[in-house]
Amino acid sequence: MRKQKILTVEPKGSLFYLKTYGCQMNKRDSEVICGLMAEAGYRITDDSAKADIVIFNTCSVRQHAEDKVWSEAGRFKKGKIIGVVGCMAQNYGQDIFERSPNVSFVVGPADIEKIPGIITKLSNDKAIFERKIFEIDSLARPEKIYHTNFYEDKNHAFVVISEGCSNFCSYCVVPYVRGHLHNRNYEDILKEIQGALEKGITRFTLLGQNVNAYKYDTLDFVRLLRLVDAIEGLEEFSFVTSHPRDTSVDLFKAMNDAGKLKKYLHLPAQSGSDRILKLMNRGYSRKFYLDLADNYRKIVKAGALTADIIVGFPTESEKDFKGTYDLVKAVRFNAAYIFKYSPRPHTEASRMADTVPKEEKEGRHRLILEMQKEISNKVKRREYEKPE
Ligand code: SF4
């Protein structure tokens with residue numbers, strides 16, 4: 001989960017305000033929306049009070065972001081065109097209109113191309129404005145949306161290499177709101193990078209929910225990394241997020257060899273208990289993860305390693321938690337993002353009883369957080385010693 005962000009471009013037509021909640025995928029989607037809106041002649045402002053159109057590009061991964069959107073959307077007066085787009089739009093569908101009656105349109109992640117047309121319709125036709133517009137049916141995005149050449153940062157660009165996810169981890173809403181894994185053609189990816197290079201951008205992050213499962217025809221993720229590494233003018237790049245099951249020694253070797261690739265791997269562990277990993281449908285064991293971390297450290301010289309951890313998953317016992325605590329202690333991540341489990345709609349885990357009490361989740365969260373803080377500080381102070 002990342003901080004909310006407001007994007008701005010030079011004013012030109014009707015004023016448009018866009019607020020982003022969630023991960024880098026959402027941030028990139030907001031750039032895509034800005035590019036499409038700018039192409040359609042709309043101007044973007046960072047002052048919501050002055051805007052004719054207010055759009056929330058939303059996240060459904062955690063309850064907290066959704067709560068913010070409900071309260072923000074409700075505070076605007078009638079008369080503005082208000083849209084909820086992205087994962088939360090897909091997740092709640094038409095219910096958003098009932099819960100937040102001043103919302104005029106709801107658009108899912110695969111339909112963002114339609115946003116400028118929807119706004120034009122709503123602006124020009126009062127009858128339509130009162131009927132509200134709802135689009136969440138598309139299965140895939142048209143490739144052209146990635147080529148508007150709009151990037152918020154002058155030096156760095158996020159480049160989506162794959163959309164959606166087919167892993168169905170039992171706690172995760174992503175496959176339900178972003179659909180199955182869909183890999184972009186590598187030629188389109190390289191073309192997008194080339195376009196950004198021509199704008200003077202030299203640093204890139206390859207993005208996807210599960211990047212290392214990338215495959216297009218016979219080209220896999222390792223070969224894609226080599227192609228990107230060879231691009232003339234590109235100075236540095238990285239990728240996020242990886243799934244342990246799709247991570248291999250070959251990937252580590254490629255990481256070590258690719259001169260322009262940042263030596264950084266975000267590899268969510270989620271739990272250190274085999275029983276909980278199974279309930280989470282993660283597809284690997286504690287030992288598999290520990291071996292991966294060990295190989296990464298041996299092969300990728302001076303490579304940083306970070307992870308996500310969930311505490312308080314349904315039925316997580318003291319013993320399960322200790323497994324996670326010990327894993328974090330053994331791996332000594334450079335940083336770890338610790339989350340307290342909360343059920344998300346549609347997911348398998350939401351049908352399990354949320355058995356770990358709130359206070360217990362908080363206690364477990366605090367324990368790992370404090371230990372990780374100490375480890376991270378040691379890593380920063382270079383007092384870090386590799387476990388035997
Ligand atoms: S790999 Fe699992 S946690 Fe990650 S996006 Fe896919 S379903 Fe969600």
# chains A, B, ... in the order shown; residues from 1 in each chain; ligands from 1

call {"tool": "residues_near_ligand", "arguments": {"ligand": "ligand 1", "cutoff": "8 Å", "atoms": "only C-alpha atoms and all ligand atoms", "output": "PyMOL selection string"}}
result
chain A and resi 164-175+209-210+241-243+282

call {"tool": "write_last_selection", "arguments": {"atoms": "N, CA and C atoms", "output": "PDB file, in the first residue's frame"}}
result
ATOM      1  N   GLY A 164      -3.299  -8.132 -14.128  1.00  0.00           N
ATOM      2  CA  GLY A 164      -4.064  -9.177 -13.453  1.00  0.00           C
ATOM      3  C   GLY A 164      -3.194 -10.248 -12.822  1.00  0.00           C
ATOM      4  N   CYS A 165      -3.822 -11.302 -12.330  1.00  0.00           N
ATOM      5  CA  CYS A 165      -3.100 -12.378 -11.673  1.00  0.00           C
ATOM      6  C   CYS A 165      -3.991 -13.613 -11.637  1.00  0.00           C
ATOM      7  N   SER A 166      -3.401 -14.771 -11.857  1.00  0.00           N
ATOM      8  CA  SER A 166      -4.187 -16.013 -11.842  1.00  0.00           C
ATOM      9  C   SER A 166      -3.856 -16.881 -10.644  1.00  0.00           C
ATOM     10  N   ASN A 167      -3.184 -16.336  -9.649  1.00  0.00           N
ATOM     11  CA  ASN A 167      -2.729 -17.166  -8.532  1.00  0.00           C
ATOM     12  C   ASN A 167      -3.802 -17.437  -7.471  1.00  0.00           C
ATOM     13  N   PHE A 168      -4.738 -16.533  -7.339  1.00  0.00           N
ATOM     14  CA  PHE A 168      -5.822 -16.708  -6.361  1.00  0.00           C
ATOM     15  C   PHE A 168      -5.307 -17.072  -4.969  1.00  0.00           C
ATOM     16  N   CYS A 169      -4.370 -16.306  -4.462  1.00  0.00           N
ATOM     17  CA  CYS A 169      -4.015 -16.446  -3.042  1.00  0.00           C
ATOM     18  C   CYS A 169      -5.305 -16.205  -2.265  1.00  0.00           C
ATOM     19  N   SER A 170      -5.529 -16.973  -1.227  1.00  0.00           N
ATOM     20  CA  SER A 170      -6.887 -17.013  -0.669  1.00  0.00           C
ATOM     21  C   SER A 170      -7.322 -15.704  -0.012  1.00  0.00           C
ATOM     22  N   TYR A 171      -6.376 -14.819   0.327  1.00  0.00           N
ATOM     23  CA  TYR A 171      -6.713 -13.558   1.001  1.00  0.00           C
ATOM     24  C   TYR A 171      -6.822 -12.389   0.023  1.00  0.00           C
ATOM     25  N   CYS A 172      -6.525 -12.611  -1.265  1.00  0.00           N
ATOM     26  CA  CYS A 172      -6.261 -11.489  -2.168  1.00  0.00           C
ATOM     27  C   CYS A 172      -7.394 -11.241  -3.159  1.00  0.00           C
ATOM     28  N   VAL A 173      -7.738  -9.977  -3.313  1.00  0.00           N
ATOM     29  CA  VAL A 173      -8.864  -9.595  -4.163  1.00  0.00           C
ATOM     30  C   VAL A 173      -8.429  -9.338  -5.614  1.00  0.00           C
ATOM     31  N   VAL A 174      -7.096  -9.248  -5.847  1.00  0.00           N
ATOM     32  CA  VAL A 174      -6.600  -8.832  -7.170  1.00  0.00           C
ATOM     33  C   VAL A 174      -7.165  -9.655  -8.339  1.00  0.00           C
ATOM     34  N   PRO A 175      -7.157 -11.001  -8.288  1.00  0.00           N
ATOM     35  CA  PRO A 175      -7.684 -11.739  -9.446  1.00  0.00           C
ATOM     36  C   PRO A 175      -9.161 -11.417  -9.734  1.00  0.00           C
ATOM     37  N   GLN A 209       1.569  -7.740 -11.127  1.00  0.00           N
ATOM     38  CA  GLN A 209       1.256  -8.353  -9.829  1.00  0.00           C
ATOM     39  C   GLN A 209       2.158  -9.552  -9.591  1.00  0.00           C
ATOM     40  N   ASN A 210       2.637 -10.143 -10.681  1.00  0.00           N
ATOM     41  CA  ASN A 210       3.464 -11.348 -10.591  1.00  0.00           C
ATOM     42  C   ASN A 210       4.404 -11.336 -11.800  1.00  0.00           C
ATOM     43  N   THR A 241       6.066  -6.937  -8.789  1.00  0.00           N
ATOM     44  CA  THR A 241       6.344  -7.749  -7.635  1.00  0.00           C
ATOM     45  C   THR A 241       6.592  -9.184  -8.078  1.00  0.00           C
ATOM     46  N   SER A 242       7.395  -9.921  -7.336  1.00  0.00           N
ATOM     47  CA  SER A 242       7.711 -11.293  -7.694  1.00  0.00           C
ATOM     48  C   SER A 242       6.977 -12.278  -6.783  1.00  0.00           C
ATOM     49  N   HIS A 243       6.697 -13.437  -7.324  1.00  0.00           N
ATOM     50  CA  HIS A 243       6.089 -14.496  -6.512  1.00  0.00           C
ATOM     51  C   HIS A 243       7.148 -15.574  -6.273  1.00  0.00           C
ATOM     52  N   ARG A 282      -0.470 -20.264  -1.306  1.00  0.00           N
ATOM     53  CA  ARG A 282       0.712 -19.601  -1.848  1.00  0.00           C
ATOM     54  C   ARG A 282       1.551 -20.513  -2.742  1.00  0.00           C
TER      55      ARG A 282
END

call {"tool": "residues_around", "arguments": {"residues": "Ala73 of chain A", "least_positions_apart": "4", "cutoff": "10 Å", "atoms": "only C-alpha atoms", "output": "PyMOL selection string"}}
result
chain A and resi 54-56+68-69+77+82-84+100-103

call {"tool": "write_last_selection", "arguments": {"atoms": "C-alpha atoms", "output": "short mmCIF file (atom, residue, chain, number, x, y, z; two decimals), in the first residue's frame"}}
result
data_model
loop_
_atom_site.label_atom_id
_atom_site.label_comp_id
_atom_site.auth_asym_id
_atom_site.auth_seq_id
_atom_site.Cartn_x
_atom_site.Cartn_y
_atom_site.Cartn_z
CA VAL A 54 -13.36 14.53 -9.61
CA ILE A 55 -12.04 11.00 -10.08
CA PHE A 56 -10.91 8.53 -7.44
CA LYS A 68 -11.04 6.87 2.66
CA VAL A 69 -12.75 6.84 -0.73
CA LYS A 77 -21.54 18.86 -3.51
CA ILE A 82 -17.63 12.35 -9.68
CA GLY A 83 -16.16 9.03 -10.74
CA VAL A 84 -14.90 6.00 -8.88
CA SER A 100 -22.45 7.29 -2.48
CA PRO A 101 -25.34 8.88 -4.45
CA ASN A 102 -23.27 11.80 -5.79
CA VAL A 103 -21.00 9.44 -7.75
#

call {"tool": "select_by_dssp", "arguments": {"residues": "segment 92-244 of chain A", "states": "helix (DSSP H, G or I)", "output": "VMD selection string"}}
result
chain A and resid 92 95 to 99 109 to 124 126 to 131 143 to 147 174 to 178 186 to 198 211 to 213 221 to 229 244

call {"tool": "residues_around", "arguments": {"residues": "segment 114-118 of chain A", "least_positions_apart": "6", "cutoff": "8 Å", "atoms": "only C-alpha atoms", "output": "ChimeraX atom specification"}}
result
/A:33,36-37,40,105,107,133

call {"tool": "residues_around", "arguments": {"residues": "Ile231 of chain A", "least_positions_apart": "5", "cutoff": "10 Å", "atoms": "only C-alpha atoms", "output": "PyMOL selection string"}}
result
chain A and resi 190+193-194+197+226+260

call {"tool": "write_last_selection", "arguments": {"atoms": "C-alpha atoms", "output": "tab-separated table (two decimals), in the first residue's frame"}}
result
chain	number	residue	atom	x	y	z
A	190	LEU	CA	10.05	-2.22	-25.68
A	193	ILE	CA	10.22	2.19	-23.16
A	194	GLN	CA	11.63	3.66	-26.37
A	197	LEU	CA	13.49	7.36	-23.57
A	226	ARG	CA	18.10	-9.23	-20.90
A	260	LYS	CA	21.63	-1.87	-15.51

call {"tool": "residues_around", "arguments": {"residues": "segment 327-330 of chain A", "least_positions_apart": "3", "cutoff": "8 Å", "atoms": "only C-alpha atoms", "output": "list in words"}}
result
Gly272, Arg286, Leu290, Gly323, Thr324, Phe333, Ile368, Met371, Gln372 and Pro387 of chain A

call {"tool": "write_last_selection", "arguments": {"atoms": "N, CA and C atoms", "output": "short mmCIF file (atom, residue, chain, number, x, y, z; two decimals), in the first residue's frame"}}
result
data_model
loop_
_atom_site.label_atom_id
_atom_site.label_comp_id
_atom_site.auth_asym_id
_atom_site.auth_seq_id
_atom_site.Cartn_x
_atom_site.Cartn_y
_atom_site.Cartn_z
N GLY A 272 5.51 -17.75 7.69
CA GLY A 272 6.59 -18.73 7.86
C GLY A 272 6.05 -20.05 8.39
N ARG A 286 7.78 -23.12 3.66
CA ARG A 286 8.73 -22.30 4.41
C ARG A 286 10.17 -22.59 3.95
N LEU A 290 13.02 -20.10 2.33
CA LEU A 290 14.32 -19.87 2.98
C LEU A 290 15.47 -20.22 2.02
N GLY A 323 6.60 -19.36 13.66
CA GLY A 323 7.22 -19.76 12.39
C GLY A 323 7.52 -18.52 11.53
N THR A 324 6.58 -17.59 11.51
CA THR A 324 6.76 -16.36 10.72
C THR A 324 7.83 -15.47 11.35
N PHE A 333 15.62 -9.41 6.34
CA PHE A 333 15.27 -8.59 5.18
C PHE A 333 15.84 -7.18 5.35
N ILE A 368 6.86 -8.31 15.28
CA ILE A 368 7.68 -8.47 14.06
C ILE A 368 8.22 -7.10 13.61
N MET A 371 11.23 -6.11 15.68
CA MET A 371 12.42 -6.89 15.33
C MET A 371 12.96 -6.43 13.97
N GLN A 372 12.05 -6.25 13.00
CA GLN A 372 12.48 -5.89 11.65
C GLN A 372 13.14 -4.50 11.65
N PRO A 387 23.28 -14.64 8.09
CA PRO A 387 23.13 -15.83 8.92
C PRO A 387 23.97 -16.98 8.36
#

call {"tool": "residues_around", "arguments": {"residues": "Gly208 of chain A", "least_positions_apart": "6", "cutoff": "7 Å", "atoms": "only C-alpha atoms", "output": "list in words"}}
result
Val160, Ile161, Ser162, Glu163, Val240 and Thr241 of chain A

call {"tool": "select_by_dssp", "arguments": {"residues": "segment 65-199 of chain A", "states": "strand (DSSP E or B)", "output": "PyMOL selection string"}}
result
chain A and resi 78+80-86+105-107+133-135+156-160+162-163+182-183

call {"tool": "write_last_selection", "arguments": {"atoms": "C-alpha atoms", "output": "short mmCIF file (atom, residue, chain, number, x, y, z; two decimals), in the first residue's frame"}}
result
data_model
loop_
_atom_site.label_atom_id
_atom_site.label_comp_id
_atom_site.auth_asym_id
_atom_site.auth_seq_id
_atom_site.Cartn_x
_atom_site.Cartn_y
_atom_site.Cartn_z
CA LYS A 78 -23.97 17.91 -6.29
CA LYS A 80 -19.61 18.00 -10.05
CA ILE A 81 -19.04 14.89 -12.12
CA ILE A 82 -17.63 12.35 -9.68
CA GLY A 83 -16.16 9.03 -10.74
CA VAL A 84 -14.90 6.00 -8.88
CA VAL A 85 -12.55 3.95 -11.06
CA GLY A 86 -10.12 1.08 -10.56
CA PHE A 105 -19.77 7.00 -12.99
CA VAL A 106 -18.06 3.77 -12.01
CA VAL A 107 -15.36 2.24 -14.22
CA ILE A 133 -22.75 5.33 -16.06
CA PHE A 134 -21.33 1.97 -15.18
CA GLU A 135 -18.58 0.08 -17.07
CA HIS A 156 11.50 7.58 -14.14
CA ALA A 157 8.64 5.57 -15.69
CA PHE A 158 6.59 2.59 -14.54
CA VAL A 159 6.00 0.18 -17.41
CA VAL A 160 3.27 -2.44 -17.03
CA SER A 162 1.53 -7.87 -17.19
CA GLU A 163 -1.97 -7.19 -15.93
CA HIS A 182 -2.44 -11.16 -19.15
CA ASN A 183 1.08 -10.55 -20.50
#

call {"tool": "residues_around", "arguments": {"residues": "His266 of chain A", "least_positions_apart": "5", "cutoff": "6 Å", "atoms": "only C-alpha atoms", "output": "ChimeraX atom specification"}}
result
/A:305-307

call {"tool": "write_last_selection", "arguments": {"atoms": "N, CA and C atoms", "output": "mmCIF file, in the first residue's frame"}}
result
data_model
loop_
_atom_site.group_PDB
_atom_site.id
_atom_site.type_symbol
_atom_site.label_atom_id
_atom_site.label_comp_id
_atom_site.auth_asym_id
_atom_site.auth_seq_id
_atom_site.Cartn_x
_atom_site.Cartn_y
_atom_site.Cartn_z
ATOM 1 N N LEU A 305 16.932 -7.373 -0.253
ATOM 2 C CA LEU A 305 15.768 -8.273 -0.252
ATOM 3 C C LEU A 305 14.709 -7.722 0.695
ATOM 4 N N THR A 306 13.491 -7.548 0.174
ATOM 5 C CA THR A 306 12.383 -7.069 1.017
ATOM 6 C C THR A 306 11.199 -8.034 0.865
ATOM 7 N N ALA A 307 10.235 -7.904 1.784
ATOM 8 C CA ALA A 307 9.100 -8.843 1.744
ATOM 9 C C ALA A 307 7.837 -8.211 2.324
#

call {"tool": "closest_residue", "arguments": {"among": "A:Ile310, A:Ala140, A:Ala89, A:Ile112", "to": "Pro268 of chain A", "atoms": "only C-alpha atoms"}}
result
A:Ile310

call {"tool": "closest_residue", "arguments": {"among": "A:Lys191, A:Met88, A:Ala302, A:Lys319", "to": "Asp274 of chain A", "atoms": "only C-alpha atoms"}}
result
A:Lys319
